[in-house]
$ cat entry_36.cif   # mmCIF, C-alpha atoms
data_protein
#
loop_
_atom_site.label_atom_id
_atom_site.label_comp_id
_atom_site.auth_asym_id
_atom_site.auth_seq_id
_atom_site.Cartn_x
_atom_site.Cartn_y
_atom_site.Cartn_z
CA MET A 10 26.73 10.87 144.12
CA ALA A 11 27.57 7.26 143.47
CA THR A 12 27.61 4.96 146.49
CA CYS A 13 30.24 2.39 147.47
CA ASP A 14 28.02 -0.37 146.07
CA ASP A 15 27.81 1.51 142.78
CA VAL A 16 31.52 2.01 142.29
CA ARG A 17 32.91 -1.16 143.87
CA PRO A 18 32.52 -3.30 140.70
CA LEU A 19 34.42 -0.59 138.81
CA LEU A 20 37.37 -0.13 141.16
CA GLY A 21 39.56 -2.77 139.53
CA ALA A 22 38.98 -1.37 136.06
CA TYR A 23 39.60 2.13 137.47
CA ALA A 24 42.95 1.03 138.86
CA ASP A 25 43.79 -0.48 135.47
CA LYS A 26 42.67 2.65 133.59
CA GLU A 27 40.18 0.57 131.66
CA LEU A 28 37.12 2.73 132.31
CA GLU A 29 35.68 5.22 129.89
CA ALA A 30 36.08 8.87 130.90
CA LEU A 31 32.55 9.32 132.21
CA GLU A 32 32.72 6.33 134.54
CA ALA A 33 36.27 7.13 135.59
CA ASP A 34 35.15 10.65 136.59
CA ALA A 35 32.27 9.23 138.64
CA VAL A 36 34.61 6.86 140.46
CA ALA A 37 37.18 9.61 141.04
CA THR A 38 34.51 11.85 142.55
CA HIS A 39 33.49 9.05 144.90
CA LEU A 40 37.07 8.28 145.86
CA GLU A 41 37.65 11.88 146.97
CA GLN A 42 35.26 11.26 149.83
CA CYS A 43 35.64 7.55 150.54
CA GLY A 44 38.78 6.29 152.22
CA ARG A 45 37.65 2.67 152.14
CA CYS A 46 37.29 2.58 148.36
CA ARG A 47 40.59 4.49 147.99
CA GLN A 48 42.23 1.72 149.99
CA THR A 49 40.65 -0.92 147.73
CA VAL A 50 42.10 0.83 144.67
CA ARG A 51 45.54 0.97 146.32
CA ASP A 52 45.30 -2.75 147.11
CA GLN A 53 44.40 -3.55 143.53
CA GLN A 54 47.35 -1.51 142.26
CA ARG A 55 49.74 -3.07 144.77
CA VAL A 56 48.82 -6.63 143.81
CA GLN A 57 49.05 -5.71 140.14
CA HIS A 58 52.52 -4.24 140.67
CA VAL A 59 53.73 -7.36 142.49
CA LEU A 60 52.34 -9.68 139.84
CA ALA A 61 53.74 -7.74 136.93
CA GLY A 62 57.19 -7.76 138.47
CA GLY A 63 57.35 -11.48 138.98
CA GLU A 64 58.90 -13.43 136.14
CA PRO A 65 58.46 -17.17 135.77
CA PRO A 66 61.57 -19.31 136.07
CA PRO A 67 63.66 -19.19 132.88
CA VAL A 68 63.62 -22.10 130.49
CA PRO A 69 66.94 -23.57 129.32
CA ASP A 70 67.46 -23.51 125.56
CA TYR A 71 67.67 -27.27 125.32
CA ARG A 72 64.10 -27.57 126.63
CA TRP A 73 62.84 -25.14 124.02
CA ASP A 74 64.71 -27.11 121.37
CA GLU A 75 63.20 -30.40 122.52
CA ILE A 76 59.71 -29.01 122.13
CA GLY A 77 60.63 -27.50 118.76
CA LYS A 78 61.79 -30.88 117.48
CA ARG A 79 58.55 -32.55 118.58
CA LEU A 80 56.52 -29.88 116.83
CA ARG A 81 58.49 -30.34 113.61
CA ALA A 82 57.93 -34.10 113.80
CA GLU A 83 54.20 -33.46 114.28
CA LEU A 84 54.08 -31.16 111.26
CA GLU A 85 56.09 -33.48 109.03
CA GLY A 86 54.22 -36.57 110.20
CA THR A 87 57.36 -38.35 111.31
CA GLY A 88 57.31 -40.38 114.47
CA LYS A 89 54.30 -41.33 116.50
CA PRO A 90 51.52 -38.75 116.86
CA ALA A 91 51.56 -37.16 120.31
CA VAL A 92 48.95 -38.37 122.78
CA LEU A 93 47.62 -35.24 124.45
CA LYS A 94 46.40 -34.66 127.97
CA THR A 95 44.36 -31.63 126.99
CA ARG A 96 41.35 -31.32 124.72
CA PRO A 97 41.74 -29.52 121.41
CA ARG A 98 38.39 -27.66 121.42
CA ILE A 99 39.45 -26.24 118.10
CA GLU A 100 35.91 -25.37 117.08
CA SER A 101 35.52 -23.08 120.07
CA LEU A 102 38.89 -21.48 119.97
CA GLU A 103 38.11 -18.54 117.76
CA PRO A 104 36.04 -15.80 119.33
CA THR A 105 32.54 -15.90 117.94
CA PRO A 106 30.74 -12.71 116.97
CA VAL A 107 28.26 -11.59 119.58
CA SER A 108 25.69 -10.26 117.12
CA THR A 109 23.19 -12.64 115.60
CA PRO A 110 23.58 -12.90 111.84
CA SER A 111 20.70 -11.31 110.01
CA LEU A 112 18.43 -13.24 107.71
CA ARG A 113 19.61 -13.67 104.16
CA ALA A 114 17.68 -11.79 101.51
CA GLU A 115 16.35 -14.99 99.96
CA GLU A 116 15.01 -16.08 103.34
CA LEU A 117 13.12 -12.85 103.68
CA ALA A 118 11.79 -13.07 100.15
CA THR A 119 10.58 -16.67 100.34
CA PRO A 120 6.77 -16.72 100.62
CA PHE A 121 5.33 -18.71 103.49
CA ALA A 122 8.79 -19.25 104.95
CA ARG A 123 7.68 -17.34 107.97
CA VAL A 124 4.07 -16.82 108.85
CA PRO A 125 3.66 -13.35 110.30
CA GLU A 126 2.10 -13.27 113.70
CA ALA A 127 -1.32 -11.72 113.76
CA PRO A 128 -1.64 -8.28 115.31
CA ARG A 129 -3.23 -8.54 118.73
CA ALA A 130 -4.14 -4.95 119.40
CA ALA A 131 -7.19 -4.41 117.21
CA PRO A 132 -9.36 -7.46 116.54
CA ARG A 133 -11.26 -7.11 113.30
CA ALA A 134 -15.02 -7.41 113.02
CA PRO A 135 -16.24 -10.63 111.42
CA SER A 136 -16.11 -10.34 107.68
CA THR A 137 -19.35 -10.85 105.85
CA ALA A 138 -17.82 -10.64 102.41
CA CYS A 139 -17.25 -13.97 100.72
CA PRO A 140 -13.88 -14.61 99.17
CA PRO A 141 -13.92 -15.09 95.41
CA PHE A 142 -14.23 -18.52 93.88
CA GLY A 143 -11.38 -20.49 92.49
CA GLY A 144 -7.68 -20.56 93.04
CA THR A 145 -7.26 -16.88 93.59
CA ALA A 146 -8.65 -17.15 97.09
CA ARG A 147 -5.86 -16.81 99.64
CA PRO A 148 -6.20 -18.96 102.72
CA PRO A 149 -6.74 -17.06 105.92
CA SER A 150 -3.59 -16.59 107.93
CA VAL A 151 -3.02 -19.33 110.50
CA THR A 152 -0.19 -19.28 112.98
CA VAL A 153 0.64 -22.51 114.78
CA LEU A 154 3.11 -21.62 117.44
CA ARG A 155 3.56 -25.06 118.90
CA VAL A 156 2.05 -28.45 118.33
CA ARG A 157 3.12 -31.49 120.24
CA PRO A 158 1.75 -34.97 120.61
CA ARG A 159 0.61 -36.07 124.00
CA ARG A 160 2.92 -38.92 124.78
CA TYR A 161 1.38 -40.27 127.92
CA ARG A 162 -2.22 -41.05 128.43
CA ASP A 163 -3.57 -40.05 131.77
CA ARG A 164 -6.14 -41.99 133.71
CA PHE A 165 -8.96 -40.31 131.85
CA GLY A 166 -7.37 -40.52 128.44
CA TRP A 167 -10.24 -42.55 127.08
CA ALA A 168 -12.70 -39.84 128.14
CA ALA A 169 -10.66 -37.08 126.48
CA HIS A 170 -10.47 -39.23 123.38
CA ALA A 171 -14.24 -39.63 123.26
CA VAL A 172 -14.93 -35.95 123.91
CA GLY A 173 -12.42 -34.93 121.22
CA ALA A 174 -13.98 -37.29 118.70
CA VAL A 175 -17.48 -35.99 119.36
CA ALA A 176 -16.39 -32.35 119.24
CA ALA A 177 -14.49 -32.76 115.99
CA THR A 178 -17.36 -34.62 114.37
CA LEU A 179 -19.81 -31.92 115.43
CA ILE A 180 -17.64 -29.13 114.07
CA ILE A 181 -17.17 -30.84 110.74
CA ALA A 182 -20.82 -31.71 110.44
CA LEU A 183 -21.93 -28.18 111.23
CA GLY A 184 -19.37 -26.71 108.88
CA MET A 185 -20.44 -28.95 106.01
CA ALA A 186 -24.10 -28.31 106.73
CA SER A 187 -23.61 -24.55 106.64
CA MET A 188 -21.74 -24.84 103.35
CA GLN A 189 -24.53 -26.85 101.79
CA MET A 190 -27.38 -24.72 103.17
CA GLY A 191 -25.96 -21.25 102.77
CA PRO A 192 -27.09 -19.70 99.48
CA GLY A 193 -24.27 -18.54 97.31
CA LEU A 194 -21.60 -19.70 99.74
CA PRO A 195 -18.43 -20.18 97.74
CA ALA A 196 -17.24 -23.01 99.95
CA PRO A 197 -13.77 -21.65 100.63
CA ALA A 198 -12.89 -24.68 102.73
CA ALA A 199 -13.11 -26.90 99.69
CA ALA A 200 -10.52 -24.74 98.02
CA LEU A 201 -8.23 -24.95 100.99
CA GLY A 202 -7.76 -28.68 101.27
CA PRO A 203 -9.37 -31.90 102.39
CA ILE A 204 -12.32 -31.68 104.69
CA ALA A 205 -12.53 -35.31 105.68
CA LEU A 206 -10.89 -36.16 108.93
CA ALA A 207 -9.05 -39.23 109.96
CA GLY A 208 -10.02 -40.64 113.29
CA PRO A 209 -9.16 -38.13 115.99
CA LYS A 210 -6.34 -38.96 118.36
CA ASP A 211 -5.00 -37.46 121.53
CA VAL A 212 -2.96 -34.41 120.75
CA ALA A 213 -2.05 -31.30 122.67
CA ILE A 214 -2.39 -28.16 120.60
CA MET A 215 -0.88 -25.05 122.03
CA ASN A 216 -1.38 -21.50 120.84
CA VAL A 217 -3.19 -22.01 117.59
CA GLU A 218 -4.34 -18.67 116.33
CA MET A 219 -6.98 -17.98 113.72
CA THR A 220 -6.64 -14.48 112.44
CA ASP A 221 -9.73 -14.38 110.27
CA PRO A 222 -12.87 -14.57 112.41
CA GLY A 223 -14.84 -15.73 109.40
CA TYR A 224 -13.29 -19.17 109.67
CA GLU A 225 -12.80 -21.89 112.24
CA LEU A 226 -10.06 -24.39 112.73
CA VAL A 227 -10.49 -28.11 112.99
CA VAL A 228 -7.46 -29.96 114.19
CA SER A 229 -6.78 -33.64 113.92
CA SER A 230 -3.83 -35.94 113.86
CA GLY A 231 -3.32 -38.47 111.12
CA ASP A 232 -1.97 -41.96 111.57
CA ALA A 233 1.38 -40.70 112.74
CA ASP A 234 1.38 -39.45 116.31
CA ASP A 235 3.45 -36.41 115.57
CA VAL A 236 1.68 -35.22 112.40
CA VAL A 237 -1.21 -32.88 112.85
CA THR A 238 -3.51 -31.64 110.10
CA ILE A 239 -5.28 -28.35 110.44
CA TYR A 240 -8.46 -27.81 108.46
CA VAL A 241 -10.01 -24.45 107.82
CA VAL A 242 -13.79 -24.29 107.57
CA PRO A 243 -16.22 -21.38 107.47
CA ALA A 244 -17.30 -20.28 110.87
CA ARG A 245 -20.85 -20.99 111.87
CA GLY A 246 -22.99 -17.98 111.22
CA SER A 247 -20.60 -16.36 108.76
CA GLY A 248 -21.82 -15.69 105.26
CA MET B 7 31.51 0.72 129.53
CA VAL B 8 35.10 -0.24 129.43
CA GLY B 9 37.66 0.83 126.92
CA GLY B 10 40.78 -0.91 125.75
CA ARG B 11 44.14 -0.45 127.33
CA ARG B 12 45.65 2.75 126.03
CA HIS B 13 48.49 2.36 123.60
CA GLY B 14 50.60 4.94 121.92
CA ASP B 15 50.57 5.20 118.14
CA ALA B 16 54.00 3.63 117.87
CA ALA B 17 52.93 0.68 120.00
CA ASP B 18 49.79 0.24 117.91
CA GLU B 19 51.80 0.26 114.71
CA ALA B 20 54.23 -2.28 116.12
CA ALA B 21 51.34 -4.51 117.17
CA GLU B 22 49.84 -4.27 113.69
CA ARG B 23 53.16 -5.18 112.10
CA GLU B 24 53.42 -8.17 114.41
CA ALA B 25 49.90 -9.28 113.56
CA ARG B 26 50.57 -8.97 109.82
CA ARG B 27 53.73 -11.01 110.13
CA ASP B 28 51.84 -13.66 112.11
CA ALA B 29 49.18 -13.80 109.40
CA GLU B 30 51.86 -14.37 106.73
CA LEU B 31 53.41 -17.15 108.78
CA VAL B 32 50.04 -18.77 109.38
CA GLU B 33 49.41 -18.87 105.63
CA ARG B 34 52.77 -20.54 105.07
CA LEU B 35 52.19 -22.94 107.94
CA ARG B 36 48.91 -24.03 106.36
CA LYS B 37 50.98 -25.24 103.42
CA GLY B 38 53.27 -27.22 105.70
CA ASP B 39 56.17 -24.77 105.83
CA THR B 40 58.47 -25.89 108.66
CA LYS B 41 60.29 -22.56 108.78
CA ALA B 42 57.00 -20.77 109.40
CA LEU B 43 56.32 -23.08 112.34
CA GLU B 44 59.74 -22.40 113.81
CA GLU B 45 59.30 -18.64 113.54
CA LEU B 46 55.83 -18.66 115.08
CA TYR B 47 57.13 -20.85 117.89
CA HIS B 48 60.05 -18.51 118.57
CA ARG B 49 57.92 -15.40 118.45
CA HIS B 50 55.29 -16.57 120.94
CA ARG B 51 56.75 -19.26 123.14
CA GLU B 52 58.04 -16.99 125.95
CA ARG B 53 54.79 -15.11 126.49
CA ALA B 54 52.75 -18.26 126.13
CA TYR B 55 55.00 -19.93 128.69
CA ALA B 56 54.54 -17.04 131.13
CA ILE B 57 50.77 -17.45 130.93
CA ALA B 58 50.92 -21.22 131.24
CA TYR B 59 53.32 -21.04 134.16
CA ARG B 60 51.05 -18.73 136.14
CA LEU B 61 48.12 -21.03 135.50
CA VAL B 62 49.73 -24.38 136.26
CA GLY B 63 52.39 -23.23 138.76
CA SER B 64 55.24 -25.40 137.56
CA ARG B 65 57.87 -24.94 134.87
CA GLU B 66 57.76 -28.48 133.57
CA ASP B 67 53.98 -28.54 133.53
CA ALA B 68 53.96 -25.18 131.76
CA LEU B 69 56.31 -26.55 129.10
CA ASP B 70 54.02 -29.55 128.66
CA VAL B 71 51.15 -27.13 128.17
CA ILE B 72 53.15 -25.16 125.59
CA GLN B 73 53.97 -28.31 123.65
CA GLU B 74 50.36 -29.46 123.66
CA SER B 75 49.12 -26.00 122.75
CA PHE B 76 51.33 -25.77 119.69
CA ILE B 77 50.28 -29.26 118.66
CA HIS B 78 46.66 -28.08 118.91
CA VAL B 79 47.67 -25.16 116.71
CA LEU B 80 49.20 -27.49 114.12
CA ARG B 81 46.18 -29.77 114.09
CA GLY B 82 43.72 -26.90 113.94
CA ILE B 83 45.53 -24.44 111.69
CA GLN B 84 43.37 -25.33 108.69
CA THR B 85 40.26 -24.33 110.62
CA PHE B 86 41.72 -21.01 111.83
CA ARG B 87 39.64 -18.41 110.02
CA GLY B 88 41.65 -15.37 111.00
CA GLN B 89 38.73 -13.60 112.66
CA SER B 90 40.99 -12.94 115.60
CA SER B 91 44.75 -12.41 115.57
CA PHE B 92 46.92 -15.49 115.78
CA ARG B 93 48.21 -14.23 119.12
CA THR B 94 44.70 -14.09 120.59
CA TRP B 95 43.92 -17.52 119.16
CA LEU B 96 47.12 -19.02 120.56
CA TYR B 97 46.63 -17.52 124.02
CA ARG B 98 43.11 -18.86 124.08
CA ILE B 99 44.44 -22.31 123.28
CA VAL B 100 47.15 -22.00 125.93
CA THR B 101 44.70 -20.80 128.57
CA HIS B 102 42.24 -23.62 127.96
CA ALA B 103 45.03 -26.18 127.71
CA ALA B 104 46.52 -24.99 131.00
CA LEU B 105 43.16 -25.25 132.76
CA ASP B 106 42.65 -28.71 131.27
CA TYR B 107 46.13 -29.68 132.33
CA ARG B 108 45.50 -28.66 135.91
CA ARG B 109 42.41 -30.83 136.01
CA TRP B 110 44.35 -33.72 134.57
CA ARG B 111 47.06 -33.10 137.19
CA SER B 112 44.63 -33.00 140.04
CA LEU B 113 43.21 -36.30 138.90
CA ARG B 114 46.67 -37.76 138.87
CA ALA B 115 47.36 -36.18 142.29
CA THR B 116 51.07 -36.28 141.74
CA GLU B 117 51.88 -32.63 141.47
CA SER B 118 53.75 -32.11 144.69
CA LEU B 119 57.18 -33.05 143.40
CA ASP B 120 56.94 -30.91 140.29
CA SER B 121 55.65 -27.95 142.25
CA GLU B 122 58.58 -28.12 144.62
CA ARG B 123 60.97 -28.36 141.73
CA ALA B 124 59.44 -25.33 140.02
CA LEU B 125 60.30 -23.06 142.89
CA GLU B 126 64.01 -23.62 142.37
CA PRO B 127 64.95 -22.53 138.86
CA ILE B 128 67.77 -24.59 137.46
CA ASP B 129 69.79 -24.44 134.30
CA ALA B 130 70.80 -27.33 132.07
CA SER B 131 73.55 -28.35 134.45
CA GLY B 132 71.12 -28.57 137.33
CA GLN B 133 72.56 -25.57 139.21
CA PRO B 134 70.35 -22.85 140.67
CA LEU B 135 70.28 -19.75 138.48
CA PRO B 136 72.30 -16.93 140.05
CA GLN B 137 70.23 -13.84 139.21
CA ASP B 138 67.51 -14.33 141.78
CA THR B 139 67.90 -13.06 145.30
CA ALA B 140 66.46 -15.04 148.16
CA ALA B 141 63.86 -12.33 148.74
CA ASP B 142 62.78 -12.43 145.10
CA ARG B 143 62.46 -16.17 145.23
CA ASP B 144 60.45 -15.99 148.44
CA LEU B 145 58.05 -13.49 146.94
CA ALA B 146 57.79 -15.47 143.70
CA ALA B 147 57.04 -18.61 145.68
CA ALA B 148 54.42 -16.78 147.72
CA ILE B 149 52.79 -15.44 144.55
CA ASP B 150 52.72 -18.90 143.00
CA LYS B 151 51.20 -20.37 146.12
CA ALA B 152 48.63 -17.61 146.40
CA LEU B 153 47.68 -17.86 142.73
CA ALA B 154 47.04 -21.55 143.21
CA ASN B 155 44.36 -20.56 145.72
CA VAL B 156 42.53 -18.24 143.35
CA SER B 157 39.69 -19.82 141.39
CA GLU B 158 40.65 -20.99 137.91
CA LYS B 159 38.37 -18.60 136.08
CA ASN B 160 39.48 -15.54 138.02
CA ARG B 161 43.12 -16.57 137.75
CA ALA B 162 42.98 -16.96 133.98
CA ALA B 163 41.63 -13.43 133.52
CA LEU B 164 44.16 -11.96 135.93
CA VAL B 165 47.11 -13.76 134.37
CA LEU B 166 46.23 -12.56 130.89
CA PHE B 167 46.02 -9.01 132.20
CA ALA B 168 48.92 -8.96 134.62
CA ILE B 169 51.39 -11.17 132.80
CA GLU B 170 50.58 -10.69 129.15
CA GLY B 171 49.34 -7.11 129.44
CA MET B 172 46.22 -7.75 127.41
CA SER B 173 43.34 -5.28 127.51
CA TYR B 174 40.01 -6.23 129.05
CA LYS B 175 38.55 -6.48 125.54
CA GLU B 176 41.30 -8.82 124.37
CA ILE B 177 40.85 -10.99 127.45
CA ALA B 178 37.11 -11.12 126.77
CA ASP B 179 37.90 -12.40 123.27
CA VAL B 180 40.39 -14.96 124.52
CA LEU B 181 38.14 -16.36 127.24
CA GLY B 182 34.89 -15.98 125.33
CA ILE B 183 33.22 -13.89 128.06
CA SER B 184 31.91 -10.34 128.33
CA VAL B 185 34.10 -7.37 129.24
CA GLY B 186 32.02 -6.85 132.38
CA THR B 187 32.78 -10.40 133.48
CA VAL B 188 36.48 -9.82 132.82
CA MET B 189 36.31 -6.74 135.04
CA SER B 190 34.74 -8.58 137.95
CA ARG B 191 37.01 -11.61 137.63
CA ILE B 192 40.19 -9.53 137.68
CA PHE B 193 38.93 -7.47 140.60
CA ASN B 194 37.95 -10.53 142.62
CA ALA B 195 41.21 -12.31 141.82
CA ARG B 196 43.27 -9.37 143.08
CA GLN B 197 41.14 -8.99 146.19
CA ARG B 198 41.74 -12.66 146.96
CA LEU B 199 45.47 -12.30 146.33
CA ARG B 200 45.55 -9.26 148.58
CA GLU B 201 44.24 -11.39 151.43
CA LEU B 202 46.58 -14.28 150.70
CA LEU B 203 49.68 -12.10 150.30
CA ALA B 204 48.97 -9.77 153.22
CA SER B 205 52.16 -10.67 155.05
CA GLU B 206 54.38 -10.44 151.96
CA ILE B 207 53.24 -7.17 150.44
CA GLY B 208 52.14 -5.31 153.54
#

$ encode --input "entry_36.cif" --output "structure tokens"
Amino acid sequence: MATCDDVRPLLGAYADKELEALEADAVATHLEQCGRCRQTVRDQQRVQHVLAGGEPPPVPDYRWDEIGKRLRAELEGTGKPAVLKTRPRIESLEPTPVSTPSLRAEELATPFARVPEAPRAAPRAPSTACPPFGGTARPPSVTVLRVRPRRYRDRFGWAAHAVGAVAATLIIALGMASMQMGPGLPAPAAALGPIALAGPKDVAIMNVEMTDPGYELVVSSGDADDVVTIYVVPARGSG
Amino acid sequence: MVGGRRHGDAADEAAEREARRDAELVERLRKGDTKALEELYHRHRERAYAIAYRLVGSREDALDVIQESFIHVLRGIQTFRGQSSFRTWLYRIVTHAALDYRRWRSLRATESLDSERALEPIDASGQPLPQDTAADRDLAAAIDKALANVSEKNRAALVLFAIEGMSYKEIADVLGISVGTVMSRIFNARQRLRELLASEIG
């Protein structure tokens, strides 16, 4: 059976007959055995009865007429516009629908408008098959969930800068070397965009996912602090 | 969880007729029709005043709120999309305006005279109205005083329910909150009033 704590939030709505039948039955069952909650319901009903019976003081007709005249003047634009003590808040006055509007069909149909997140459950084995040459090769799926520039250098910012520069240079060099040495490698990175990097800068990259294990990501910022370029190169050892 | 207040078929039909008539008047008002304004004002001013009065606690302040609320309606009527009924829209404006007005009043800190005056209804000649007994006036004064000690949010929900007779769902629409929140606010407001009015209502 429901406890006092269970039914207490419902007692006001029960007194007002605002509960659905199932909940009302549960409350009624509890009330049969609980004098304290019965008293709470009686209190709620008593206060409601007193409030509903009280009428505000009547308004003389001349006061209604005065307000009516001011409203007409406002509508017709005669006289000075009223200076109000309260905020209009017109934009928030209509109740807004609770449900989130669904995507429009054209949004769903637009390619690359939304990059699907890679499935996490079953990682694929590294692919040994080379993608075909030319423009028909689709780039591997890359999901960048968040990229932000690091705005403040810490005390060891210069060290991070140096390490980042060395690491990026190594990755690029190894990637290019493997493309040149690997027999029959179709050099997919060349088809995907520039391989040369601008000088690396401090950036914070968060949650960059590479969904094709046959490739690696190289990340660098350009001249602008908040622009980050992501390069895709063949992974070392693939192909 | 919570259903709407039960209405009979006849009451529902009457409410629908009223809403349709309001919608016609709103359309005419958008075009600047003065007669439409007058009819909307006459149809809703009494109920809107009852809500405002319970929220601000003074007749003159409540009339100020009504005037400002209808001016907000006039200035915003072109943006009213009709997703809710005009009545719901108006009561939402009145409720927010009344709460704003109280804040403005408290900043001015000059409400004592008006509050005293509100407890003694007068007609145009300045004479007390005859229909109220002393006991009624005492209880009304006690209710007003007690309501002033209920938090604004809880009071707004309770006033819309107790004075205007709106359902929990309608109140949720007017205040822009969930039905569950309406339920708890009304319950808490009445519990608080029960404490404050213990000597008056036994």

$ interface_residues --input "entry_36.cif" --of "chain A" --to "chain B" --cutoff "8 Å" --atoms "only C-alpha atoms" --output "ChimeraX atom specification"
/A:18-22,26-29,32,52-53,55-57,59-61,63-69,71,76-77,80-81,83-85,93-97,99-100,102-105

$ atom_distance --input "entry_36.cif" --atom1 "CA of Leu113 in chain B" --atom2 "CA of Ala163 in chain B"
23.5 Å

$ atom_distance --input "entry_36.cif" --atom1 "CA of Gly86 in chain A" --atom2 "CA of Lys37 in chain B"
13.6 Å

$ atom_distance --input "entry_36.cif" --atom1 "CA of Ala37 in chain A" --atom2 "CA of Thr187 in chain B"
21.8 Å
